[in-house]
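Pasting entry.cif here (mmCIF, C-alpha atoms):
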```cif
data_query
loop_
_atom_site.label_atom_id
_atom_site.label_comp_id
_atom_site.auth_asym_id
_atom_site.auth_seq_id
_atom_site.Cartn_x
_atom_site.Cartn_y
_atom_site.Cartn_z
CA MET C 1 0.00 0.00 0.00
CA THR C 2 1.04 3.58 -0.64
CA ASP C 3 0.44 6.65 1.46
CA ILE C 4 -2.72 8.64 0.66
CA LEU C 5 -2.92 12.43 0.66
CA TYR C 6 -6.51 13.60 1.11
CA ALA C 7 -6.47 17.03 -0.47
CA ALA C 8 -8.01 19.36 -3.06
CA PRO C 9 -6.59 21.47 -5.90
CA LEU C 10 -8.02 24.73 -4.51
CA SER C 11 -6.73 24.10 -0.97
CA LEU C 12 -3.89 26.36 0.16
CA TYR C 13 -2.22 23.86 2.47
CA SER C 14 -2.79 20.94 0.08
CA GLY C 15 -0.58 22.82 -2.36
CA LYS C 16 2.19 23.02 0.21
CA ALA C 17 2.08 19.30 1.08
CA ARG C 18 1.78 18.15 -2.53
CA ALA C 19 4.71 20.25 -3.75
CA TYR C 20 6.93 18.90 -0.97
CA MET C 21 5.92 15.26 -1.49
CA ASP C 22 6.58 15.53 -5.22
CA TRP C 23 10.04 17.05 -4.65
CA LYS C 24 10.83 14.46 -1.98
CA GLY C 25 9.92 11.64 -4.38
CA ILE C 26 7.31 10.17 -2.03
CA ASP C 27 5.33 7.18 -3.32
CA TYR C 28 1.78 8.37 -2.66
CA ARG C 29 -1.57 8.87 -4.30
CA GLU C 30 -3.84 11.86 -3.88
CA GLU C 31 -7.57 11.52 -3.29
CA LEU C 32 -10.11 14.32 -3.36
CA SER C 33 -11.49 15.31 0.02
CA ARG C 34 -15.06 14.47 -0.92
CA PRO C 35 -17.86 14.56 1.70
CA GLU C 36 -17.55 10.83 2.32
CA VAL C 37 -13.82 11.22 3.00
CA TYR C 38 -14.54 13.79 5.68
CA ARG C 39 -17.25 11.54 7.11
CA ASP C 40 -15.34 8.24 7.04
CA VAL C 41 -11.68 9.22 7.47
CA ILE C 42 -10.94 12.78 8.50
CA ILE C 43 -13.53 13.65 11.15
CA PRO C 44 -13.28 10.29 12.97
CA ALA C 45 -9.48 10.67 13.15
CA ILE C 46 -9.05 14.42 13.64
CA GLY C 47 -12.35 15.49 15.13
CA ARG C 48 -12.91 18.34 12.68
CA PRO C 49 -13.06 18.83 8.88
CA VAL C 50 -9.58 19.85 7.74
CA ILE C 51 -7.24 19.14 4.81
CA PRO C 52 -4.71 18.04 3.83
CA VAL C 53 -4.60 14.84 5.81
CA LEU C 54 -2.05 12.11 5.20
CA GLN C 55 -2.98 8.47 5.73
CA LEU C 56 0.13 6.31 5.97
CA ALA C 57 0.29 2.81 4.53
CA ASP C 58 -0.14 1.38 8.04
CA GLY C 59 -3.32 3.43 8.55
CA ALA C 60 -1.83 6.08 10.82
CA ILE C 61 -3.02 9.66 10.24
CA VAL C 62 -0.81 12.76 10.03
CA GLN C 63 -2.49 16.17 9.99
CA ASP C 64 -0.96 19.58 9.28
CA THR C 65 1.53 20.29 6.52
CA THR C 66 4.46 20.95 8.85
CA LYS C 67 3.82 17.63 10.58
CA ILE C 68 3.54 15.88 7.20
CA ILE C 69 6.83 17.36 6.01
CA ASP C 70 8.60 16.56 9.27
CA HIS C 71 7.30 12.98 9.13
CA TYR C 72 9.09 12.43 5.84
CA GLU C 73 12.15 14.47 6.81
CA ARG C 74 12.68 12.16 9.79
CA GLY C 75 11.79 8.95 8.00
CA THR C 76 13.53 9.16 4.63
CA ASP C 77 17.08 9.59 3.42
CA GLY C 78 18.37 12.13 0.93
CA PRO C 79 18.53 15.92 0.79
CA SER C 80 16.58 17.85 3.40
CA VAL C 81 14.48 20.98 3.00
CA TYR C 82 15.93 22.19 6.31
CA PRO C 83 19.31 23.90 5.86
CA GLN C 84 21.94 22.56 8.21
CA THR C 85 23.57 25.95 8.82
CA PRO C 86 22.09 28.22 11.51
CA VAL C 87 21.28 31.47 9.70
CA GLN C 88 19.77 29.80 6.64
CA HIS C 89 17.81 27.42 8.88
CA LEU C 90 16.35 30.34 10.84
CA VAL C 91 15.48 32.26 7.67
CA ALA C 92 13.80 29.17 6.22
CA LEU C 93 11.65 28.77 9.35
CA LEU C 94 10.70 32.46 9.31
CA PHE C 95 9.56 32.20 5.69
CA GLU C 96 7.51 29.09 6.43
CA SER C 97 5.68 30.88 9.25
CA PHE C 98 5.22 34.02 7.14
CA GLY C 99 3.74 32.08 4.21
CA ASP C 100 1.57 29.75 6.26
CA GLU C 101 0.20 32.29 8.70
CA TRP C 102 0.50 35.80 7.21
CA LEU C 103 0.04 35.50 3.45
CA THR C 104 -3.35 33.92 4.14
CA ILE C 105 -4.63 37.51 4.32
CA ALA C 106 -3.71 38.28 0.70
CA ALA C 107 -4.67 34.78 -0.43
CA MET C 108 -8.18 35.04 1.00
CA HIS C 109 -8.71 38.63 -0.11
CA TYR C 110 -7.87 37.94 -3.75
CA ARG C 111 -9.82 34.68 -3.81
CA TRP C 112 -13.06 36.10 -2.47
CA ASN C 113 -12.89 39.62 -3.85
CA TYR C 114 -11.54 38.77 -7.31
CA ASN C 115 -12.41 35.11 -8.00
CA GLU C 116 -15.61 34.38 -6.06
CA GLN C 117 -17.81 33.03 -8.87
CA TRP C 118 -15.00 30.86 -10.27
CA VAL C 119 -14.10 29.36 -6.94
CA TYR C 120 -17.67 28.23 -6.25
CA SER C 121 -17.34 25.91 -9.22
CA GLU C 122 -14.03 24.66 -7.85
CA PHE C 123 -15.63 23.78 -4.53
CA GLY C 124 -18.34 21.96 -6.42
CA LYS C 125 -15.84 19.96 -8.47
CA VAL C 126 -14.34 18.61 -5.25
CA ALA C 127 -17.64 17.81 -3.58
CA ALA C 128 -19.38 16.40 -6.67
CA PRO C 129 -16.83 15.60 -9.40
CA GLU C 130 -19.43 13.75 -11.49
CA GLY C 131 -22.02 16.53 -11.28
CA THR C 132 -22.98 18.93 -14.05
CA ALA C 133 -21.45 22.40 -14.12
CA GLU C 134 -24.71 23.82 -12.77
CA GLU C 135 -24.88 21.26 -9.96
CA GLN C 136 -21.26 21.86 -9.04
CA PHE C 137 -21.75 25.62 -8.88
CA ALA C 138 -24.81 25.29 -6.64
CA ILE C 139 -23.05 22.86 -4.29
CA GLY C 140 -19.90 24.96 -4.29
CA GLN C 141 -21.83 28.12 -3.50
CA GLU C 142 -23.35 26.47 -0.45
CA ARG C 143 -20.01 25.06 0.73
CA GLY C 144 -18.02 28.17 -0.08
CA LYS C 145 -20.08 30.50 2.12
CA ALA C 146 -18.25 29.38 5.24
CA PHE C 147 -14.85 30.04 3.69
CA LYS C 148 -15.86 33.48 2.46
CA GLY C 149 -16.96 34.17 6.02
CA PHE C 150 -13.34 33.88 7.18
CA CYS C 151 -12.41 37.16 5.44
CA PRO C 152 -13.55 39.47 8.28
CA LEU C 153 -11.77 37.20 10.76
CA LEU C 154 -8.56 37.83 8.82
CA GLY C 155 -8.98 41.60 9.01
CA ILE C 156 -10.14 41.93 5.40
CA ASN C 157 -12.56 44.84 5.09
CA GLU C 158 -13.14 47.98 3.05
CA ALA C 159 -10.71 50.00 5.14
CA SER C 160 -7.88 47.45 5.04
CA ILE C 161 -8.16 46.19 1.45
CA PRO C 162 -6.11 49.02 -0.15
CA ALA C 163 -3.29 48.32 2.33
CA ILE C 164 -3.51 44.56 1.76
CA GLU C 165 -3.18 45.06 -1.98
CA ALA C 166 -0.35 47.58 -1.66
CA SER C 167 1.58 45.24 0.66
CA TYR C 168 1.01 42.23 -1.58
CA GLU C 169 2.10 44.05 -4.73
CA ALA C 170 5.22 45.31 -2.94
CA LEU C 171 5.94 41.75 -1.80
CA LEU C 172 5.53 40.48 -5.35
CA ALA C 173 8.08 43.05 -6.53
CA GLU C 174 10.52 41.97 -3.81
CA LEU C 175 10.08 38.28 -4.59
CA ASN C 176 10.36 38.97 -8.32
CA ALA C 177 13.74 40.64 -7.79
CA HIS C 178 14.90 37.65 -5.76
CA PHE C 179 13.71 34.95 -8.15
CA ALA C 180 15.33 36.81 -11.04
CA GLU C 181 18.63 35.76 -9.44
CA HIS C 182 17.86 32.52 -7.57
CA ASP C 183 15.74 29.46 -8.35
CA TYR C 184 14.52 29.19 -4.75
CA LEU C 185 14.86 31.19 -1.55
CA LEU C 186 18.29 29.90 -0.57
CA GLY C 187 19.81 28.45 -3.72
CA THR C 188 18.97 25.71 -6.19
CA ARG C 189 17.14 23.53 -3.63
CA PRO C 190 13.77 24.43 -2.12
CA CYS C 191 13.82 24.92 1.65
CA ILE C 192 11.00 24.71 4.18
CA GLY C 193 10.45 28.44 3.62
CA ASP C 194 9.70 27.86 -0.06
CA TYR C 195 7.01 25.42 1.02
CA GLY C 196 5.51 27.98 3.38
CA LEU C 197 5.22 30.43 0.50
CA ILE C 198 3.94 27.98 -2.09
CA GLY C 199 0.63 27.32 -0.32
CA PRO C 200 -0.84 30.82 -0.73
CA LEU C 201 1.19 31.80 -3.77
CA TYR C 202 0.11 28.73 -5.74
CA ALA C 203 -3.32 27.54 -4.64
CA HIS C 204 -4.93 30.98 -4.36
CA LEU C 205 -2.70 33.63 -5.90
CA TYR C 206 -1.47 31.76 -9.00
CA ARG C 207 -4.14 29.15 -9.67
CA ASP C 208 -7.19 31.40 -9.19
CA PRO C 209 -7.50 33.09 -12.61
CA ALA C 210 -7.88 36.79 -11.74
CA SER C 211 -5.15 36.79 -9.12
CA GLY C 212 -3.02 34.56 -11.35
CA GLU C 213 -3.18 37.21 -14.07
CA ILE C 214 -2.01 39.81 -11.56
CA MET C 215 0.98 37.68 -10.52
CA LYS C 216 2.02 36.87 -14.09
CA ARG C 217 1.75 40.52 -15.11
CA LEU C 218 3.43 42.11 -12.09
CA ALA C 219 5.88 39.38 -11.10
CA PRO C 220 6.61 36.89 -13.90
CA LYS C 221 9.64 35.50 -12.06
CA VAL C 222 7.42 34.63 -9.11
CA ALA C 223 5.06 32.81 -11.46
CA GLU C 224 8.03 30.88 -12.87
CA TRP C 225 9.08 29.93 -9.32
CA VAL C 226 5.55 28.69 -8.63
CA GLU C 227 5.74 26.54 -11.74
CA ARG C 228 9.11 25.10 -10.68
CA MET C 229 7.69 24.28 -7.26
CA VAL C 230 4.54 22.51 -8.44
CA ASN C 231 5.91 20.84 -11.59
CA VAL C 232 8.94 19.15 -10.08
CA ALA C 233 11.47 18.40 -12.80
CA ALA C 234 14.23 16.91 -10.65
CA PRO C 235 13.23 15.53 -7.24
CA LEU C 236 15.79 15.61 -4.43
CA SER C 237 18.09 17.92 -6.37
CA GLY C 238 19.90 21.19 -5.78
CA THR C 239 21.99 22.77 -3.04
CA PHE C 240 21.75 25.64 -0.62
CA LEU C 241 24.06 28.62 -1.01
CA PRO C 242 27.52 28.13 0.50
CA ASP C 243 28.86 29.64 3.72
CA ASP C 244 25.42 30.01 5.35
CA SER C 245 24.80 33.05 3.16
CA VAL C 246 21.42 34.73 2.78
CA PRO C 247 20.85 36.68 -0.45
CA GLU C 248 20.57 40.45 -0.16
CA THR C 249 17.37 40.17 -2.18
CA LEU C 250 15.63 38.51 0.78
CA LEU C 251 16.37 41.34 3.21
CA PRO C 252 13.44 43.58 2.14
CA ILE C 253 11.06 40.66 2.65
CA LEU C 254 12.50 39.92 6.09
CA ARG C 255 12.00 43.59 6.97
CA ARG C 256 8.39 43.25 5.83
CA MET C 257 7.95 40.26 8.16
CA MET C 258 9.37 42.19 11.08
CA ALA C 259 7.12 45.19 10.41
CA GLU C 260 3.84 43.37 9.67
CA HIS C 261 3.84 39.81 10.97
CA LEU C 262 5.95 39.81 14.15
CA PRO C 263 4.09 42.59 16.03
CA TRP C 264 0.79 40.78 15.42
CA LEU C 265 2.31 37.57 16.80
CA GLN C 266 3.58 39.40 19.88
CA ASN C 267 0.06 40.73 20.43
CA ILE C 268 -1.24 37.15 20.30
CA SER C 269 1.43 35.97 22.73
CA ASP C 270 0.48 38.69 25.21
CA MET C 271 -3.23 37.92 24.80
CA LEU C 272 -2.64 34.19 25.28
CA ALA C 273 -0.75 34.85 28.50
CA ASP C 274 -3.71 36.84 29.82
CA TRP C 275 -6.17 34.15 28.71
CA ALA C 276 -4.13 31.34 30.28
CA ALA C 277 -3.94 33.18 33.61
CA ASP C 278 -7.75 33.28 33.78
CA ASN C 279 -8.54 29.89 32.21
CA ALA C 280 -6.10 27.40 33.66
CA ASP C 281 -8.40 24.40 33.26
CA SER C 282 -10.13 25.35 30.01
CA GLU C 283 -9.66 23.86 26.56
CA LEU C 284 -7.44 26.05 24.41
CA PRO C 285 -9.53 28.00 21.86
CA ARG C 286 -8.49 28.44 18.24
CA ALA C 287 -8.26 32.21 18.83
CA VAL C 288 -8.03 34.37 21.93
CA GLY C 289 -9.87 37.38 20.56
CA PHE C 290 -8.74 39.80 17.86
CA ALA C 291 -5.19 41.10 17.66
CA PRO C 292 -4.30 44.38 15.92
CA PHE C 293 -1.86 44.53 13.03
CA THR C 294 -0.54 47.33 10.85
CA MET C 295 0.03 47.05 7.12
CA GLU C 296 1.14 49.94 4.91
CA GLY C 297 0.21 52.38 7.66
CA VAL C 298 -3.31 51.02 8.11
CA THR C 299 -4.28 49.32 11.37
CA ALA C 300 -6.83 46.52 11.42
CA ALA C 301 -7.45 43.44 13.55
CA ARG C 302 -7.61 39.75 12.76
CA ALA C 303 -8.40 36.71 14.86
CA ALA C 304 -5.60 36.02 17.31
CA SER C 305 -4.79 32.54 16.03
CA VAL C 306 -3.08 30.40 18.63
CA PHE C 307 -1.82 28.03 15.93
CA SER C 308 0.03 30.95 14.29
CA LEU C 309 1.89 31.34 17.57
CA TRP C 310 2.86 27.65 17.52
CA MET C 311 4.36 28.15 14.07
CA HIS C 312 6.35 31.11 15.36
CA GLN C 313 7.43 29.10 18.39
CA ARG C 314 9.40 26.85 16.01
CA CYS C 315 11.44 29.87 14.90
CA HIS C 316 11.78 31.15 18.46
CA ASN C 317 12.92 27.80 19.83
CA PHE C 318 15.52 27.33 17.09
CA TYR C 319 16.97 30.81 17.59
CA HIS C 320 17.28 30.34 21.34
CA SER C 321 18.87 26.90 20.89
CA LEU C 322 21.85 28.34 18.99
CA ASN C 323 25.29 28.46 20.55
CA ASP C 324 26.99 31.82 20.99
CA ASP C 325 28.74 31.91 17.60
CA ALA C 326 25.68 30.80 15.65
CA LYS C 327 23.41 33.20 17.53
CA SER C 328 25.85 36.03 16.86
CA ALA C 329 25.68 35.24 13.12
CA ALA C 330 21.88 35.18 13.29
CA ASP C 331 21.88 38.48 15.15
CA ASP C 332 24.07 40.06 12.48
CA LEU C 333 21.36 39.30 9.94
CA LEU C 334 18.47 40.22 12.24
CA ASN C 335 20.06 43.58 13.02
CA ARG C 336 20.03 44.35 9.29
CA VAL C 337 16.30 43.68 8.96
CA ASN C 338 14.96 45.53 12.02
CA GLY C 339 14.73 42.20 13.78
CA GLY C 340 14.59 43.46 17.35
CA VAL C 341 10.94 42.47 17.52
CA PHE C 342 12.04 38.88 16.89
CA GLN C 343 15.13 38.94 19.13
CA GLN C 344 13.14 40.32 22.05
CA PHE C 345 9.99 38.30 21.42
CA SER C 346 8.22 37.34 24.66
CA LEU C 347 6.67 33.87 24.71
CA PRO C 348 5.46 33.28 28.29
CA VAL C 349 3.06 30.50 27.29
CA ARG C 350 4.49 27.52 25.43
CA LEU C 351 2.39 25.36 23.13
CA ASP C 352 2.36 21.67 22.27
CA PHE C 353 0.88 20.25 19.08
CA SER C 354 0.40 16.51 19.22
CA SER C 355 -2.35 13.97 18.57
CA HIS C 356 -3.93 16.54 16.21
CA GLN C 357 -4.51 18.94 19.11
CA LEU C 358 -2.91 22.20 20.16
CA THR C 359 -2.53 22.57 23.94
CA ILE C 360 -0.56 24.59 26.44
CA ALA C 361 2.69 22.77 27.12
CA LYS C 362 3.02 21.32 30.60
#
```

Please re-express this file's structure in C-alpha cells.
Amino acid sequence: MTDILYAAPLSLYSGKARAYMDWKGIDYREELSRPEVYRDVIIPAIGRPVIPVLQLADGAIVQDTTKIIDHYERGTDGPSVYPQTPVQHLVALLFESFGDEWLTIAAMHYRWNYNEQWVYSEFGKVAAPEGTAEEQFAIGQERGKAFKGFCPLLGINEASIPAIEASYEALLAELNAHFAEHDYLLGTRPCIGDYGLIGPLYAHLYRDPASGEIMKRLAPKVAEWVERMVNVAAPLSGTFLPDDSVPETLLPILRRMMAEHLPWLQNISDMLADWAADNADSELPRAVGFAPFTMEGVTAARAASVFSLWMHQRCHNFYHSLNDDAKSAADDLLNRVNGGVFQQFSLPVRLDFSSHQLTIAK
C-alpha cells in the first residue's frame, strides 16, 4: 500500500504538502477530500473537517503540513528541506511561518474579492466531481459561504483592502527581484520556507484566474518559481548557497515580516498569557480574541490565532537553541532587517501540538 494524501486542488495547504511530497519523491496517491472522506476518514481521526490529511500505509493519520513534512524528513534519506547551517535554517523557518500564517490575508482577499464566482465551481468539483457544471456551482456556493466568512476574521474589510493590496504588490516586486537571481529562496534547492510560501502563492494567488493574471503581469519570475515548485522536474536535487549566506534580495522581505507579521504575533502571545492566567483548566480555543496589526500604515485586527503562535514558536525555539557563535551570526542578519521584535519576542506561554490537538505545554 502507498500513502494517501486527502487534499483538493483549490486548498492552500494541500498545495504546500503536494509540492513537498513531489520534490521528496514520495510514493503516494492523492484523493479528493469528498464529503464521504470527511465523514469516514478525516472527522473520525481528527475530530474536525480539515485538509490536507495524510494516511500512511499502516493506517496512521498525520495532519498539518508541517507535521507531514517533518514525518518524511525524519523517515527518509536524501537531501533535506531544512538547511543545516544556523542562519539559513532560521530564515527558512521564518519564511515558512510568514507564508503559512500571514500570506493567508492576501490569499483570501484575492480569492473572495476577485475570484468568487470561479471558486464556487471549484468547490463543487471537489464535492461532486461527477455533477454537471450547474450542480457543481450550486453545491460549491453552499459550501463556499463558510470560507468566504473567514475574510472578516482575517482583518479583510473595506478600510484594510487598499493596504492589503499595496503590501502584496510590494511583496511580489521583492520576490520577483529575488527569483530573477535565484531558483529558490536559498539556492537551487527548495527549503522549508519555499514550502511555506507555495501554499498561498500557488493555490490561491497563482491558480485562481484573476489573481493569477495579476501575478504573471506584475511578477513573472514569481510565477516561474511557482511553476518550478509545483511541476517538479528533478526531485531531491539542488543545493543551498555556500557559507550560510542569505541573499541580499531577501532582506526587504525579512523587513516586511518584522514590520507586519511579528508585532501581530507578539500581540497574540500577550493575549494568550492573559487568557491562560484566567482559564487554567479550560480547553485552548483556536483564537483568543482579535489582535491588531498594521500594514502599509493602516491598522486593522484579525483573529488572534493560537496556531500561528505555535508556528512562530518553532522559529523562536531554534533561535534560542543556537550556541553563541551561531546566535551572533543570526543576530548580524536580524540587526540588518529591524529584527529586534524577533530577538526580544516574549513567549510566556508555550504550546504543544500533538495527537492533532494544540494545547498549552506542561

Query - Which residue of C:Val288, C:Ala361, C:Leu236, C:Val62 approaches Pro79 in chain C most closely, using only C-alpha atoms - result: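 That would be C:Leu236, the residue with the smallest distance to Pro79 in chain C.
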
Query raised in the report: When distances are computed from only C-alpha atoms, which of C:Lys221, C:Lys125, C:Arg336, C:Arg350 shows the smallest separation from Met258 in chain C?
Result: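 With only C-alpha atoms as the atom set, the closest residue is C:Arg336.
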
Please enumerate the residues selected by the PyMOL selection byres ((chain C and resi 255) around 12) when evaluated against the supplied file, formatted as an mmCIF file with C-alpha atoms, keeping the file's coordinate frame.
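After the write, result.cif holds the following:
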```
data_model
loop_
_atom_site.group_PDB
_atom_site.id
_atom_site.type_symbol
_atom_site.label_atom_id
_atom_site.label_comp_id
_atom_site.auth_asym_id
_atom_site.auth_seq_id
_atom_site.Cartn_x
_atom_site.Cartn_y
_atom_site.Cartn_z
ATOM 1 C CA VAL C 91 15.480 32.260 7.670
ATOM 2 C CA LEU C 94 10.700 32.460 9.310
ATOM 3 C CA PHE C 95 9.560 32.200 5.690
ATOM 4 C CA PHE C 98 5.220 34.020 7.140
ATOM 5 C CA LEU C 171 5.940 41.750 -1.800
ATOM 6 C CA GLU C 174 10.520 41.970 -3.810
ATOM 7 C CA GLU C 248 20.570 40.450 -0.160
ATOM 8 C CA THR C 249 17.370 40.170 -2.180
ATOM 9 C CA LEU C 250 15.630 38.510 0.780
ATOM 10 C CA LEU C 251 16.370 41.340 3.210
ATOM 11 C CA PRO C 252 13.440 43.580 2.140
ATOM 12 C CA ILE C 253 11.060 40.660 2.650
ATOM 13 C CA LEU C 254 12.500 39.920 6.090
ATOM 14 C CA ARG C 256 8.390 43.250 5.830
ATOM 15 C CA MET C 257 7.950 40.260 8.160
ATOM 16 C CA MET C 258 9.370 42.190 11.080
ATOM 17 C CA ALA C 259 7.120 45.190 10.410
ATOM 18 C CA GLU C 260 3.840 43.370 9.670
ATOM 19 C CA HIS C 261 3.840 39.810 10.970
ATOM 20 C CA LEU C 262 5.950 39.810 14.150
ATOM 21 C CA LEU C 333 21.360 39.300 9.940
ATOM 22 C CA LEU C 334 18.470 40.220 12.240
ATOM 23 C CA ASN C 335 20.060 43.580 13.020
ATOM 24 C CA ARG C 336 20.030 44.350 9.290
ATOM 25 C CA VAL C 337 16.300 43.680 8.960
ATOM 26 C CA ASN C 338 14.960 45.530 12.020
ATOM 27 C CA GLY C 339 14.730 42.200 13.780
ATOM 28 C CA GLY C 340 14.590 43.460 17.350
ATOM 29 C CA VAL C 341 10.940 42.470 17.520
ATOM 30 C CA PHE C 342 12.040 38.880 16.890
#
```

Query - Computed interatomic separation between CA of Ser245 in chain C and CA of Gln88 in chain C (Å) - result: 6.9 Å

Query - Selected residue, from C:Arg111, C:His178, C:His356, C:Arg34, that lies nearest to Asp208 in chain C when counting only C-alpha atoms - result: C:Arg111

Requested in this report: Give me the residues within 9 Å of Ile198 in chain C as an MDAnalysis selection string, counting all atoms listed in the file and dropping any in the same chain fewer than 4 places off.
Outcome: chainID C and resid 12:13 15:16 19 99:100 193:194 202:203 226 229:230

Query raised in the report: At what distance in Å, to one decimal, does CA of Tyr6 in chain C lie from CA of Pro52 in chain C?
Result: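 Computing the Euclidean distance for CA of Pro52 in chain C and CA of Tyr6 in chain C yields 5.5 Å.
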
Query raised in the report: Can you tell me, as a ChimeraX atom specification, which residues sit within 12 Å of (2.5, 32.6, 26.3) in the file's frame, using all atoms listed in the file?
Result: /C:265-277,288,306,309-310,312-313,345-352,359-361

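In this structure, CA of Leu90 in chain C sits 20.2 Å away from CA of Phe353 in chain C.
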
Query raised in the report: So, counting all atoms listed in the file, which residue among C:Arg217, C:Arg74, C:His89, C:His204 is closest to Lys327 in chain C?
Result: C:His89

Once the PyMOL selection byres ((chain C and resi 112) around 12) has been evaluated on this model, what residues remain selected, and can you format them as a short mmCIF file (atom, residue, chain, number, x, y, z; two decimals) with C-alpha atoms, in the coordinates of the input?
```
data_model
loop_
_atom_site.label_atom_id
_atom_site.label_comp_id
_atom_site.auth_asym_id
_atom_site.auth_seq_id
_atom_site.Cartn_x
_atom_site.Cartn_y
_atom_site.Cartn_z
CA THR C 104 -3.35 33.92 4.14
CA ILE C 105 -4.63 37.51 4.32
CA ALA C 106 -3.71 38.28 0.70
CA ALA C 107 -4.67 34.78 -0.43
CA MET C 108 -8.18 35.04 1.00
CA HIS C 109 -8.71 38.63 -0.11
CA TYR C 110 -7.87 37.94 -3.75
CA ARG C 111 -9.82 34.68 -3.81
CA ASN C 113 -12.89 39.62 -3.85
CA TYR C 114 -11.54 38.77 -7.31
CA ASN C 115 -12.41 35.11 -8.00
CA GLU C 116 -15.61 34.38 -6.06
CA GLN C 117 -17.81 33.03 -8.87
CA TRP C 118 -15.00 30.86 -10.27
CA VAL C 119 -14.10 29.36 -6.94
CA TYR C 120 -17.67 28.23 -6.25
CA GLN C 141 -21.83 28.12 -3.50
CA GLY C 144 -18.02 28.17 -0.08
CA LYS C 145 -20.08 30.50 2.12
CA ALA C 146 -18.25 29.38 5.24
CA PHE C 147 -14.85 30.04 3.69
CA LYS C 148 -15.86 33.48 2.46
CA GLY C 149 -16.96 34.17 6.02
CA PHE C 150 -13.34 33.88 7.18
CA CYS C 151 -12.41 37.16 5.44
CA PRO C 152 -13.55 39.47 8.28
CA ILE C 156 -10.14 41.93 5.40
CA ASN C 157 -12.56 44.84 5.09
CA ILE C 161 -8.16 46.19 1.45
CA HIS C 204 -4.93 30.98 -4.36
CA LEU C 205 -2.70 33.63 -5.90
CA ASP C 208 -7.19 31.40 -9.19
CA PRO C 209 -7.50 33.09 -12.61
CA ALA C 210 -7.88 36.79 -11.74
CA SER C 211 -5.15 36.79 -9.12
#
```

**Report entry** From C:Tyr20, C:Phe123, C:Ala57, C:Gly78, residue lying nearest Pro35 in chain C [all atoms listed in the file]
**Finding:** C:Phe123

How would range 93-98 of chain C look with all heavy atoms restored, written as a short mmCIF file (atom, residue, chain, number, x, y, z; two decimals), in the coordinates of the input?
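Writing done, so here's selection.cif:
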```
data_model
loop_
_atom_site.label_atom_id
_atom_site.label_comp_id
_atom_site.auth_asym_id
_atom_site.auth_seq_id
_atom_site.Cartn_x
_atom_site.Cartn_y
_atom_site.Cartn_z
N LEU C 93 12.77 28.89 8.42
CA LEU C 93 11.65 28.77 9.35
C LEU C 93 10.80 30.04 9.36
O LEU C 93 9.56 29.98 9.41
CB LEU C 93 12.15 28.48 10.75
CG LEU C 93 12.75 27.10 11.02
CD1 LEU C 93 13.32 27.04 12.43
CD2 LEU C 93 11.72 25.99 10.82
N LEU C 94 11.44 31.20 9.32
CA LEU C 94 10.70 32.46 9.31
C LEU C 94 9.82 32.56 8.07
O LEU C 94 8.66 32.99 8.14
CB LEU C 94 11.66 33.64 9.37
CG LEU C 94 12.32 33.92 10.72
CD1 LEU C 94 13.47 34.90 10.58
CD2 LEU C 94 11.30 34.45 11.73
N PHE C 95 10.35 32.15 6.92
CA PHE C 95 9.56 32.20 5.69
C PHE C 95 8.41 31.20 5.73
O PHE C 95 7.34 31.48 5.21
CB PHE C 95 10.45 31.96 4.47
CG PHE C 95 11.01 33.22 3.87
CD1 PHE C 95 12.23 33.72 4.27
CD2 PHE C 95 10.30 33.91 2.92
CE1 PHE C 95 12.75 34.88 3.73
CE2 PHE C 95 10.79 35.08 2.36
CZ PHE C 95 12.01 35.57 2.77
N GLU C 96 8.62 30.04 6.34
CA GLU C 96 7.51 29.09 6.43
C GLU C 96 6.38 29.70 7.26
O GLU C 96 5.20 29.64 6.86
CB GLU C 96 7.95 27.77 7.06
CG GLU C 96 6.80 26.75 7.04
CD GLU C 96 7.02 25.55 7.92
OE1 GLU C 96 7.83 25.61 8.87
OE2 GLU C 96 6.34 24.53 7.68
N SER C 97 6.70 30.27 8.41
CA SER C 97 5.68 30.88 9.25
C SER C 97 5.00 32.03 8.54
O SER C 97 3.77 32.17 8.59
CB SER C 97 6.33 31.35 10.55
OG SER C 97 5.43 32.07 11.35
N PHE C 98 5.75 32.86 7.86
CA PHE C 98 5.22 34.02 7.14
C PHE C 98 4.25 33.57 6.05
O PHE C 98 3.14 34.11 5.92
CB PHE C 98 6.39 34.79 6.53
CG PHE C 98 6.01 36.02 5.75
CD1 PHE C 98 5.50 37.13 6.38
CD2 PHE C 98 6.22 36.06 4.38
CE1 PHE C 98 5.18 38.29 5.66
CE2 PHE C 98 5.91 37.21 3.65
CZ PHE C 98 5.39 38.32 4.29
#
```
